[in-house]
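Asks: Sharing my_file.txt, compact mmCIF, C-alpha atoms:
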# COMPACT_ATOMS: atom_id res chain seq x y z
CA MET W 1 69.28 97.97 179.44
CA SER W 2 72.48 98.84 181.22
CA ASP W 3 73.42 102.53 181.60
CA ASN W 4 76.25 102.35 179.06
CA ARG W 5 73.76 101.59 176.25
CA ASP W 6 71.32 104.39 176.82
CA ALA W 7 70.60 107.23 174.39
CA LYS W 8 73.89 108.94 175.28
CA TRP W 9 75.83 105.74 174.50
CA PHE W 10 74.21 105.57 171.06
CA ALA W 11 74.90 109.25 170.40
CA GLU W 12 78.61 108.61 170.94
CA LYS W 13 78.63 105.59 168.61
CA LEU W 14 76.52 106.80 165.68
CA ASN W 15 78.37 109.31 163.50
CA ASP W 16 76.24 109.30 160.34
CA ARG W 17 72.88 110.80 161.33
CA THR W 18 71.10 110.04 158.03
CA ILE W 19 68.46 107.31 157.81
CA ARG W 20 70.81 105.01 155.92
CA GLY W 21 73.76 105.86 158.15
CA ILE W 22 71.88 105.12 161.37
CA ALA W 23 70.63 101.80 159.98
CA LEU W 24 74.08 100.73 158.77
CA GLU W 25 75.99 101.77 161.90
CA THR W 26 73.42 100.26 164.27
CA SER W 27 73.47 96.95 162.37
CA ALA W 28 77.28 97.03 162.51
CA LEU W 29 77.16 97.46 166.31
CA ILE W 30 74.77 94.52 166.55
CA ARG W 31 76.92 92.26 164.36
CA ALA W 32 80.04 93.23 166.30
CA GLY W 33 78.38 92.14 169.55
CA ALA W 34 78.26 95.62 171.10
CA LEU W 35 74.46 95.26 171.08
CA PRO W 36 73.72 91.60 171.85
CA VAL W 37 70.48 89.90 170.87
CA GLY W 38 67.89 90.75 173.53
CA THR W 39 69.13 94.30 174.12
CA LYS W 40 66.36 96.83 174.55
CA LEU W 41 66.82 99.99 172.48
CA PRO W 42 66.15 103.48 173.88
CA PRO W 43 62.75 105.08 173.18
CA ILE W 44 62.67 106.80 169.79
CA ARG W 45 62.04 110.27 171.20
CA ASP W 46 64.90 110.01 173.71
CA LEU W 47 67.37 108.72 171.15
CA ALA W 48 66.30 111.21 168.47
CA PHE W 49 66.85 114.07 170.95
CA ALA W 50 70.32 112.75 171.84
CA LEU W 51 71.23 112.43 168.14
CA GLY W 52 69.84 115.84 167.26
CA ILE W 53 67.49 114.49 164.60
CA SER W 54 63.73 114.21 164.19
CA PRO W 55 61.88 111.16 165.57
CA ALA W 56 60.64 110.52 162.02
CA THR W 57 64.21 110.11 160.74
CA LEU W 58 65.05 107.60 163.46
CA SER W 59 61.76 105.77 162.94
CA GLU W 60 62.62 105.31 159.24
CA ALA W 61 66.03 103.89 160.16
CA TRP W 62 64.46 101.49 162.65
CA SER W 63 61.92 100.43 159.98
CA GLU W 64 64.76 99.34 157.71
CA LEU W 65 66.26 97.21 160.50
CA ARG W 66 62.85 95.68 161.21
CA ARG W 67 62.53 94.77 157.55
CA GLN W 68 65.88 93.01 157.80
CA LYS W 69 64.67 91.11 160.90
CA ILE W 70 67.50 92.62 162.97
CA ILE W 71 65.25 94.44 165.44
CA SER W 72 61.62 93.94 166.39
CA GLY W 73 58.97 95.86 168.26
CA ARG W 74 57.15 94.51 171.27
CA GLY W 75 54.28 96.97 171.53
CA ARG W 76 54.48 99.20 174.58
CA ASN W 77 57.46 97.20 175.81
CA GLY W 78 59.70 98.93 173.27
CA THR W 79 62.08 97.77 170.57
CA TRP W 80 64.63 95.00 170.96
CA VAL W 81 67.57 93.50 169.09
CA SER W 82 66.20 90.27 167.66
CA GLY W 83 69.00 89.09 165.36
CA ASP W 84 72.67 89.64 164.69
CA ARG W 85 72.62 89.05 160.95
CA PHE W 86 70.26 89.50 158.03
CA ILE W 87 69.49 86.40 156.03
CA ALA W 88 67.02 87.03 153.23
CA LYS W 89 64.53 84.18 153.24
CA PRO W 90 61.18 83.75 151.47
CA ALA W 91 59.15 82.93 154.57
CA ARG W 92 56.16 81.27 152.88
CA LEU W 93 58.23 79.16 150.50
CA ALA W 94 60.80 78.25 153.17
CA SER W 95 58.10 76.98 155.55
CA ALA W 96 57.06 74.19 153.19
CA GLY W 97 58.66 71.52 155.39
CA ASP W 98 60.19 68.11 154.71
CA TYR W 99 57.46 65.52 154.29
CA GLY W 100 59.70 62.51 153.77
CA ASN W 101 59.73 59.93 151.00
CA ASP W 102 56.59 58.13 152.12
CA ALA W 103 54.21 61.10 151.94
CA LEU W 104 52.10 61.90 148.90
CA ASN W 105 53.43 65.41 148.41
CA LEU W 106 50.84 67.63 146.73
CA THR W 107 52.41 70.93 147.77
CA ALA W 108 54.40 71.76 144.64
CA ALA W 109 52.33 72.97 141.69
CA VAL W 110 55.06 72.12 139.19
CA PRO W 111 54.89 70.47 135.77
CA ASP W 112 55.11 66.73 135.30
CA VAL W 113 58.62 66.27 133.90
CA ARG W 114 57.30 63.44 131.68
CA LEU W 115 55.11 65.96 129.88
CA LEU W 116 57.84 68.49 129.12
CA PRO W 117 59.43 68.71 125.65
CA LYS W 118 62.87 67.25 124.99
CA LEU W 119 65.62 69.87 125.11
CA GLU W 120 68.58 68.13 123.46
CA ALA W 121 68.13 69.51 119.94
CA ALA W 122 67.08 72.93 121.22
CA MET W 123 70.16 73.22 123.44
CA ALA W 124 72.44 72.11 120.63
CA TYR W 125 70.95 74.85 118.48
CA GLY W 126 71.30 77.34 121.34
CA ALA W 127 75.04 76.69 121.51
CA SER W 128 75.37 78.53 118.20
CA ALA W 129 73.36 81.57 119.32
CA GLU W 130 74.05 84.96 117.80
CA ASN W 131 76.76 86.95 119.61
CA LEU W 132 77.53 84.00 121.90
CA ASN W 133 79.89 84.70 124.84
CA SER W 134 79.83 88.44 124.31
CA TYR W 135 79.68 90.65 127.38
CA GLU W 136 77.35 92.99 125.53
CA ARG W 137 74.21 93.30 127.63
CA ASN W 138 71.47 92.67 125.10
CA ARG W 139 67.91 92.84 126.40
CA ILE W 140 66.60 90.00 124.24
CA LEU W 141 67.91 87.87 121.40
CA PRO W 142 66.38 89.10 118.11
CA GLU W 143 65.15 85.65 117.08
CA LEU W 144 63.40 85.12 120.42
CA GLU W 145 61.74 88.52 120.15
CA GLU W 146 60.59 87.62 116.64
CA GLU W 147 58.96 84.42 117.90
CA VAL W 148 57.22 85.85 120.98
CA ARG W 149 55.84 88.80 118.99
CA LYS W 150 53.79 86.35 116.91
CA THR W 151 51.47 85.55 119.82
CA TRP W 152 52.00 88.52 122.17
CA PRO W 153 48.61 90.00 123.20
CA TYR W 154 49.55 93.56 122.16
CA GLU W 155 52.30 95.50 120.37
CA PRO W 156 54.76 96.68 123.04
CA GLU W 157 57.59 99.16 122.68
CA ALA W 158 60.24 96.89 124.16
CA PHE W 159 60.93 93.33 125.33
CA LEU W 160 63.31 91.96 127.95
CA ALA W 161 64.40 88.36 128.57
CA THR W 162 64.77 87.45 132.26
CA ASN W 163 65.88 84.40 134.23
CA GLY W 164 62.36 83.06 134.82
CA GLY W 165 59.01 84.47 135.85
CA TYR W 166 59.74 85.11 139.51
CA ASN W 167 63.06 86.66 138.57
CA ALA W 168 61.11 89.04 136.34
CA VAL W 169 58.80 90.04 139.20
CA TYR W 170 61.63 90.29 141.74
CA THR W 171 63.69 92.45 139.40
CA LEU W 172 60.91 94.84 138.45
CA ILE W 173 59.76 95.21 142.05
CA ASN W 174 63.26 96.11 143.18
CA ALA W 175 63.75 98.42 140.20
CA LEU W 176 60.43 100.25 140.37
CA VAL W 177 59.01 99.97 143.91
CA MET W 178 60.54 101.76 146.88
CA PRO W 179 60.45 100.10 150.33
CA GLY W 180 57.28 101.11 152.15
CA ALA W 181 55.34 101.85 148.95
CA ALA W 182 51.85 100.39 148.54
CA VAL W 183 51.37 97.54 146.05
CA ALA W 184 47.94 96.13 145.23
CA ILE W 185 47.76 92.43 144.45
CA GLU W 186 44.91 89.98 143.95
CA ASP W 187 44.05 87.80 146.94
CA PRO W 188 44.75 84.92 146.98
CA THR W 189 47.93 85.03 144.93
CA GLY W 190 51.21 83.17 144.47
CA MET W 191 52.99 82.78 147.80
CA ARG W 192 56.33 83.64 146.17
CA LEU W 193 54.86 86.92 144.95
CA LEU W 194 53.96 87.75 148.55
CA ASP W 195 57.46 86.72 149.67
CA ILE W 196 58.99 89.09 147.10
CA LEU W 197 56.81 92.02 148.19
CA GLU W 198 57.43 91.40 151.88
CA ASP W 199 61.18 91.15 151.31
CA ARG W 200 61.04 94.50 149.54
CA GLY W 201 59.17 96.00 152.47
CA ALA W 202 56.15 96.92 150.34
CA ARG W 203 52.79 97.69 151.90
CA ILE W 204 50.61 94.93 150.47
CA ILE W 205 47.02 95.91 149.60
CA PRO W 206 44.91 92.79 148.89
CA VAL W 207 42.30 92.84 146.12
CA LYS W 208 39.57 90.26 146.57
CA CYS W 209 38.64 87.96 143.67
CA ASP W 210 35.75 85.87 142.42
CA GLU W 211 35.46 83.40 139.54
CA GLU W 212 35.89 86.22 136.96
CA GLY W 213 38.99 87.79 138.49
CA PRO W 214 39.73 90.74 140.78
CA LEU W 215 36.54 92.34 142.15
CA PRO W 216 36.01 95.87 140.81
CA SER W 217 34.83 97.19 144.18
CA SER W 218 37.90 95.76 145.92
CA LEU W 219 40.21 97.20 143.26
CA GLU W 220 38.60 100.62 143.68
CA GLU W 221 39.12 100.39 147.44
CA ALA W 222 42.78 99.39 146.94
CA LEU W 223 43.40 102.37 144.68
CA ARG W 224 42.50 104.71 147.54
CA TYR W 225 45.95 103.85 148.95
CA ARG W 226 47.58 105.07 145.70
CA PRO W 227 49.54 101.87 145.02
CA VAL W 228 52.66 102.10 142.89
CA ALA W 229 51.67 98.86 141.16
CA PHE W 230 48.78 96.43 140.76
CA ILE W 231 49.80 92.79 140.18
CA PHE W 232 47.40 90.20 138.82
CA GLN W 233 47.32 87.05 136.68
CA PRO W 234 45.32 87.80 133.52
CA ARG W 235 44.89 84.37 131.94
CA VAL W 236 44.84 81.60 134.55
CA HIS W 237 45.25 82.20 138.26
CA SER W 238 48.06 79.98 139.52
CA VAL W 239 46.27 79.29 142.82
CA THR W 240 42.55 79.16 142.05
CA GLY W 241 42.67 78.07 138.40
CA GLN W 242 40.19 80.78 137.40
CA SER W 243 40.54 83.09 134.40
CA VAL W 244 39.86 86.81 134.16
CA SER W 245 36.82 87.29 131.94
CA VAL W 246 36.84 89.74 129.04
CA ALA W 247 34.14 91.80 130.74
CA ARG W 248 36.08 91.92 134.03
CA MET W 249 39.26 92.92 132.20
CA ALA W 250 37.39 95.81 130.58
CA ARG W 251 35.92 96.92 133.91
CA MET W 252 39.33 96.88 135.60
CA ALA W 253 40.72 98.96 132.74
CA GLU W 254 38.02 101.56 133.36
CA ILE W 255 38.94 101.71 137.04
CA LEU W 256 42.67 101.99 136.32
CA ARG W 257 42.31 104.49 133.46
CA ASP W 258 42.72 107.71 135.45
CA THR W 259 45.53 106.46 137.70
CA ASP W 260 49.30 106.29 137.29
CA THR W 261 49.52 102.82 138.85
CA LEU W 262 51.82 100.35 137.11
CA ILE W 263 49.89 97.32 135.85
CA VAL W 264 51.83 94.05 136.17
CA GLU W 265 50.27 91.16 134.26
CA ASP W 266 51.87 87.89 135.40
CA ASP W 267 50.92 85.13 132.95
CA GLY W 268 52.63 82.49 135.09
CA ILE W 269 50.76 79.38 133.92
CA ALA W 270 51.29 80.52 130.31
CA ASP W 271 50.29 78.22 127.46
CA ILE W 272 49.24 75.38 129.73
CA SER W 273 45.98 77.30 129.60
CA THR W 274 43.46 77.09 126.77
CA ALA W 275 42.18 80.55 127.64
CA PRO W 276 43.06 83.30 125.13
CA ARG W 277 45.81 85.71 126.07
CA HIS W 278 44.70 89.24 126.79
CA SER W 279 46.30 92.36 128.18
CA MET W 280 45.70 96.01 129.01
CA GLY W 281 48.88 96.80 127.13
CA GLN W 282 47.06 98.19 124.12
CA LEU W 283 45.25 100.67 126.41
CA PHE W 284 48.13 101.60 128.73
CA PRO W 285 51.37 100.81 126.88
CA ASP W 286 53.34 103.27 129.01
CA ARG W 287 52.65 101.44 132.30
CA VAL W 288 51.69 97.82 131.60
CA ILE W 289 54.35 95.18 132.27
CA HIS W 290 53.33 91.84 130.76
CA ILE W 291 55.29 88.71 131.79
CA LEU W 292 55.33 85.31 130.05
CA PRO W 293 57.47 82.58 131.68
CA PHE W 294 58.43 79.33 129.94
CA SER W 295 59.15 77.21 133.04
CA LYS W 296 55.76 75.47 133.28
CA THR W 297 55.45 74.86 129.55
CA HIS W 298 58.94 74.21 128.20
CA GLY W 299 60.98 73.39 131.31
CA PRO W 300 62.17 75.10 134.51
CA ASP W 301 65.83 74.61 133.57
CA LEU W 302 65.38 76.97 130.63
CA ARG W 303 65.38 79.64 133.38
CA LEU W 304 63.56 81.95 130.99
CA ALA W 305 60.73 84.46 130.83
CA VAL W 306 60.02 87.42 128.57
CA LEU W 307 58.45 90.68 129.69
CA SER W 308 57.25 93.66 127.72
CA SER W 309 56.60 97.30 128.56
CA SER W 310 57.50 100.80 127.50
CA ARG W 311 61.11 101.50 126.56
CA ALA W 312 61.50 103.68 129.65
CA ILE W 313 60.31 100.98 132.05
CA VAL W 314 62.35 98.24 130.38
CA GLU W 315 65.40 100.49 130.65
CA GLN W 316 64.78 100.95 134.38
CA ILE W 317 64.48 97.21 134.91
CA GLN W 318 67.55 96.50 132.79
CA SER W 319 69.53 99.12 134.72
CA TYR W 320 68.76 97.33 137.98
CA ARG W 321 69.83 94.02 136.41
CA SER W 322 73.21 95.56 135.67
CA PHE W 323 74.07 95.08 139.36
CA SER W 324 73.97 91.31 138.84
CA SER W 325 73.81 89.06 135.77
CA GLY W 326 73.06 91.86 133.34
CA TRP W 327 71.55 89.59 130.68
CA THR W 328 69.93 86.21 130.23
CA SER W 329 71.92 83.39 128.61
CA ARG W 330 71.83 83.64 124.83
CA ILE W 331 72.07 79.85 124.68
CA LEU W 332 68.81 79.52 126.59
CA GLN W 333 67.12 82.29 124.60
CA ALA W 334 68.05 80.68 121.28
CA ALA W 335 66.93 77.29 122.57
CA ALA W 336 63.55 78.76 123.50
CA ALA W 337 63.20 80.35 120.05
CA TRP W 338 63.93 76.93 118.49
CA LEU W 339 61.26 75.29 120.70
CA LEU W 340 58.67 77.91 119.78
CA ARG W 341 59.20 77.05 116.09
CA ASP W 342 59.25 73.27 116.59
CA PRO W 343 56.03 71.38 115.63
CA ALA W 344 56.91 68.43 117.87
CA THR W 345 57.22 70.76 120.88
CA GLU W 346 53.81 72.26 120.08
CA ALA W 347 52.29 68.77 119.93
CA CYS W 348 53.93 67.93 123.26
CA LEU W 349 52.52 71.07 124.83
CA ASP W 350 49.06 70.30 123.48
CA HIS W 351 49.18 66.85 125.07
CA ALA W 352 50.39 68.30 128.39
CA ARG W 353 47.65 70.94 128.34
CA LYS W 354 44.95 68.27 127.96
CA THR W 355 46.52 66.00 130.58
CA TYR W 356 46.77 68.73 133.23
CA ARG W 357 43.18 69.74 132.60
CA GLU W 358 41.98 66.14 132.93
CA ARG W 359 43.92 65.57 136.17
CA ARG W 360 42.60 68.75 137.75
CA ALA W 361 39.03 68.15 136.58
CA GLY W 362 39.21 64.53 137.78
CA LEU W 363 39.97 65.62 141.34
CA ILE W 364 37.32 68.38 141.29
CA ASP W 365 34.70 65.89 140.06
CA ALA W 366 35.72 63.30 142.66
CA LEU W 367 35.44 65.92 145.40
CA GLY W 368 32.02 66.98 144.11
CA GLU W 369 30.81 63.40 144.37
CA ARG W 370 31.81 63.54 148.03
CA GLY W 371 30.07 66.84 148.76
CA VAL W 372 33.12 69.12 148.52
CA VAL W 373 32.42 71.83 145.97
CA ALA W 374 35.49 73.34 144.31
CA ARG W 375 35.56 75.31 141.08
CA HIS W 376 36.57 73.85 137.77
CA GLY W 377 39.28 75.71 135.88
CA GLU W 378 42.78 75.17 134.58
CA GLY W 379 46.36 75.12 135.77
CA LEU W 380 48.44 72.88 138.00
CA SER W 381 46.48 72.99 141.26
CA ALA W 382 43.03 73.13 142.83
CA TRP W 383 41.71 75.60 145.42
CA VAL W 384 39.57 73.57 147.81
CA PRO W 385 37.31 75.16 150.47
CA VAL W 386 37.47 73.73 154.00
CA SER W 387 35.87 74.74 157.28
CA SER W 388 39.18 74.77 159.19
CA GLU W 389 42.65 74.88 157.65
CA PRO W 390 44.49 73.54 160.74
CA PHE W 391 42.07 70.61 161.11
CA ALA W 392 42.27 69.83 157.40
CA MET W 393 46.08 69.91 157.39
CA VAL W 394 46.34 67.57 160.39
CA THR W 395 43.72 65.19 158.95
CA LEU W 396 45.54 64.93 155.63
CA ALA W 397 48.95 64.58 157.28
CA ALA W 398 47.64 61.65 159.30
CA ARG W 399 46.80 59.98 155.97
CA GLY W 400 50.21 60.69 154.47
CA ILE W 401 49.12 63.57 152.24
CA ALA W 402 50.86 66.95 152.21
CA VAL W 403 49.19 70.07 150.80
CA HIS W 404 49.53 73.80 151.38
CA PRO W 405 47.15 75.74 153.66
CA GLY W 406 45.41 78.60 151.88
CA ALA W 407 46.85 81.10 154.37
CA LYS W 408 50.20 80.92 152.57
CA PHE W 409 48.61 82.51 149.52
CA SER W 410 46.53 85.17 151.22
CA ILE W 411 46.84 88.34 153.24
CA LEU W 412 43.17 88.05 154.18
CA SER W 413 41.70 85.18 156.18
CA SER W 414 41.49 81.93 154.25
CA SER W 415 39.65 78.64 154.60
CA HIS W 416 41.10 76.68 151.71
CA LEU W 417 43.70 74.12 150.75
CA ARG W 418 45.95 74.51 147.70
CA VAL W 419 46.25 71.01 146.25
CA ALA W 420 48.75 70.40 143.44
CA THR W 421 47.17 68.30 140.68
CA ALA W 422 49.74 68.33 137.87
CA ASN W 423 51.39 65.10 139.02
CA LEU W 424 48.25 63.47 140.44
CA ALA W 425 48.02 60.73 137.84
CA GLU W 426 47.15 58.03 140.39
CA ARG W 427 45.52 57.71 143.84
CA ARG W 428 42.92 60.35 142.97
CA GLU W 429 40.12 58.53 144.79
CA TYR W 430 42.24 58.15 147.91
CA VAL W 431 43.07 61.86 147.89
CA ALA W 432 39.43 62.81 147.34
CA ASP W 433 38.32 60.59 150.24
CA ALA W 434 40.92 62.15 152.54
CA ILE W 435 40.05 65.73 151.55
CA ALA W 436 36.34 65.01 152.05
CA LEU W 437 37.13 63.95 155.63
CA ALA W 438 39.38 66.95 156.14
CA ALA W 439 37.06 69.56 154.65
CA VAL W 440 34.40 69.51 157.37
CA HIS W 441 35.26 70.25 161.01
CA THR W 442 32.39 70.04 163.46
So that I can check it, write out the structure of this file as structure tokens.
Replies:
Amino acid sequence: MSDNRDAKWFAEKLNDRTIRGIALETSALIRAGALPVGTKLPPIRDLAFALGISPATLSEAWSELRRQKIISGRGRNGTWVSGDRFIAKPARLASAGDYGNDALNLTAAVPDVRLLPKLEAAMAYGASAENLNSYERNRILPELEEEVRKTWPYEPEAFLATNGGYNAVYTLINALVMPGAAVAIEDPTGMRLLDILEDRGARIIPVKCDEEGPLPSSLEEALRYRPVAFIFQPRVHSVTGQSVSVARMARMAEILRDTDTLIVEDDGIADISTAPRHSMGQLFPDRVIHILPFSKTHGPDLRLAVLSSSRAIVEQIQSYRSFSSGWTSRILQAAAAWLLRDPATEACLDHARKTYRERRAGLIDALGERGVVARHGEGLSAWVPVSSEPFAMVTLAARGIAVHPGAKFSILSSSHLRVATANLAERREYVADAIALAAVHT
């Protein structure tokens, strides 16, 4: 680096010597072009001395810029300016790629739109929702709360409607988890959950799983890091299709009993599952956050989920929401309440539930006939073991099939494919043949 950008140069430019001030003023210098991309920054100790602050303070400021992808470390070679603007981007989701119109795209574990209920009557009803067009920031429409309480797995203190399941997780993570805090999460897990945690700058502690749910020994190990929160999917795992057993749920409750860790139960697949709903909310009502989205069951354009927790936690989450939308559309909430009361919608959901199960089971059975053993379960995708993810991905791509590598869903090493099955109504045998070829790499 040239002499005019050494520690002395920085000391003359940075006036606010707090962590936040250093991060903001340094990023401003970078965006203004005073520190071009590729510039090497002074060593932390040298710059801290010149600024008259502790190395720890400067290190925290640099950590914030690393999280924003503005600077990056290169080991013993120091720290460099790597970008001139921060663009928040969910790295795993954004790397999905464009597979073209000719590919059989089995990457998106989304509902079959032909199996979703009709929304016309529900939306017409929603247009006459209580308190419509008021700027009053209600947490949840009373009639929606009345409907969800009928099947909620415990009696919570408070409910909150949010703009979908991932919006619920994103909001509560930003409201309750400080950057750098440890968060335990089952592994594998939803790639968008990992994107949210990484964007927040959380320290992700993976908890290994088996066919009954998170492993008790792995959860106990994760708790040694004193995580602020533990996130898991209590009914059907969105990636593996497995359900947490009653016995495993009880064992996890024992492990979590003497901690102050927040327990986030993300019931993302929701009522597509035939498994009964269960929760630790009755045991730990002051720190369980239970989330039920309606995107997979009633339609993604409802943009709706409901979460429950203590009044204090719901208030914290709602306070954070006040920076943005503040409340979820009353039209959509009323429409959802109408759908939850509608017998035809329930019949539609029952048909969808059976169809998704048959499609998933059909692929698992076809793979078994070809020597590829994957677990039966529920949900919108299958978790298929392979000997080499790169080889499997290339083999399937050569046959016009796109799937996700397991690595996108895991912090630990993975040797799996995540294959979406919800829309796999045809070409099952072709897909099974291709996966059988891709699964073994000699």
Asks: Counting all atoms listed in the file, figure out which residue out of W:Thr171, W:Thr395, W:Ser322, W:Ser381 gets nearest to Gly190 of chain W.
Replies: W:Ser381
Asks: Hey, what's within 7 Å of Val236 of chain W if we count all atoms listed in the file and toss same-chain stuff fewer than 2 positions away? As a PyMOL selection string, please?
Replies: chain W and resi 233-234+238+241-243+269+273+378-379
Asks: Could you state the separation of atom CA of Ile289 of chain W and atom CA of Glu220 of chain W in Å, given to one decimal place?
Replies: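 One can read the atom CA of Ile289 of chain W to atom CA of Glu220 of chain W distance as 20.2 Å.
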Asks: Between atom CA of Ile140 of chain W and atom CA of Thr328 of chain W, what is the distance, to one decimal in Å?
Replies: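 Rounded to one decimal, the two atoms are 7.8 Å apart.
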Asks: In Å, with one decimal, what is the gap from atom CA of Pro142 of chain W to atom CA of Ile263 of chain W?
Replies: 25.6 Å
